[in-house]
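K.L.:
Have a look at this one before I ask anything.
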Amino acid sequence: MMLDPSSLGIQLSCCPCSNPVQQAQNNGWSGIVVNGCIRDVDEINGCDIGVRALASRPMKAYKKGMGEKHVPVTIAGTRICDGE
């Protein structure tokens with residue numbers, strides 16, 4: 001799973017999701033890459049999947065109610081498409 005809060009215009013902010021790590025673990029995924037910050041690090045460390053993020057941040061996310069699925073994202077000049 002690839003989460004990119006910057007695609008919503010959020011810079012170095014927390015991922016605007018409700019515990020995506022637990023959801024991913026429940027779905028049998030092996031890991032998550034977040035192009036942004038994460039919070040609830042202690043809870044995330046208790047999960048059995050890998051998580052990589054730019055940093056951790058204790059602040060809650062500003063939720064705009066927007067988002068897209070199955071769209072390409074670009075991180076550090078590398079384009080990542082759905083399914084890669």
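Chain identifiers are assigned as A, B, and so on, following the order in which chains appear in the structure tokens; residues are numbered from 1 within each chain, and ligands are numbered from 1 in order of appearance.
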Residues within 8 Å of Val51 of chain A, please, as a list in words. Count only C-alpha atoms; anything in the same chain fewer than 4 positions from it doesn't count.

P.N.:
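My list of contacting residues is Val21, Gly31, Ile32, Val33, Val34 and Ile44 of chain A.
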
K.L.:
Using only C-alpha atoms, which residue out of A:Val73, A:Gln22, A:Thr78, A:Met66 lies closest to Glu43 of chain A?

P.N.:
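Smallest distance to Glu43 of chain A is found for A:Gln22.
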
K.L.:
Give the answer as one residue: which of A:Pro20, A:Gly36, A:Gly77, A:Gly67 has the shortest atom-to-atom distance to Ile49 of chain A, using only C-alpha atoms?

P.N.:
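Closest to Ile49 of chain A of all the choices is A:Pro20.
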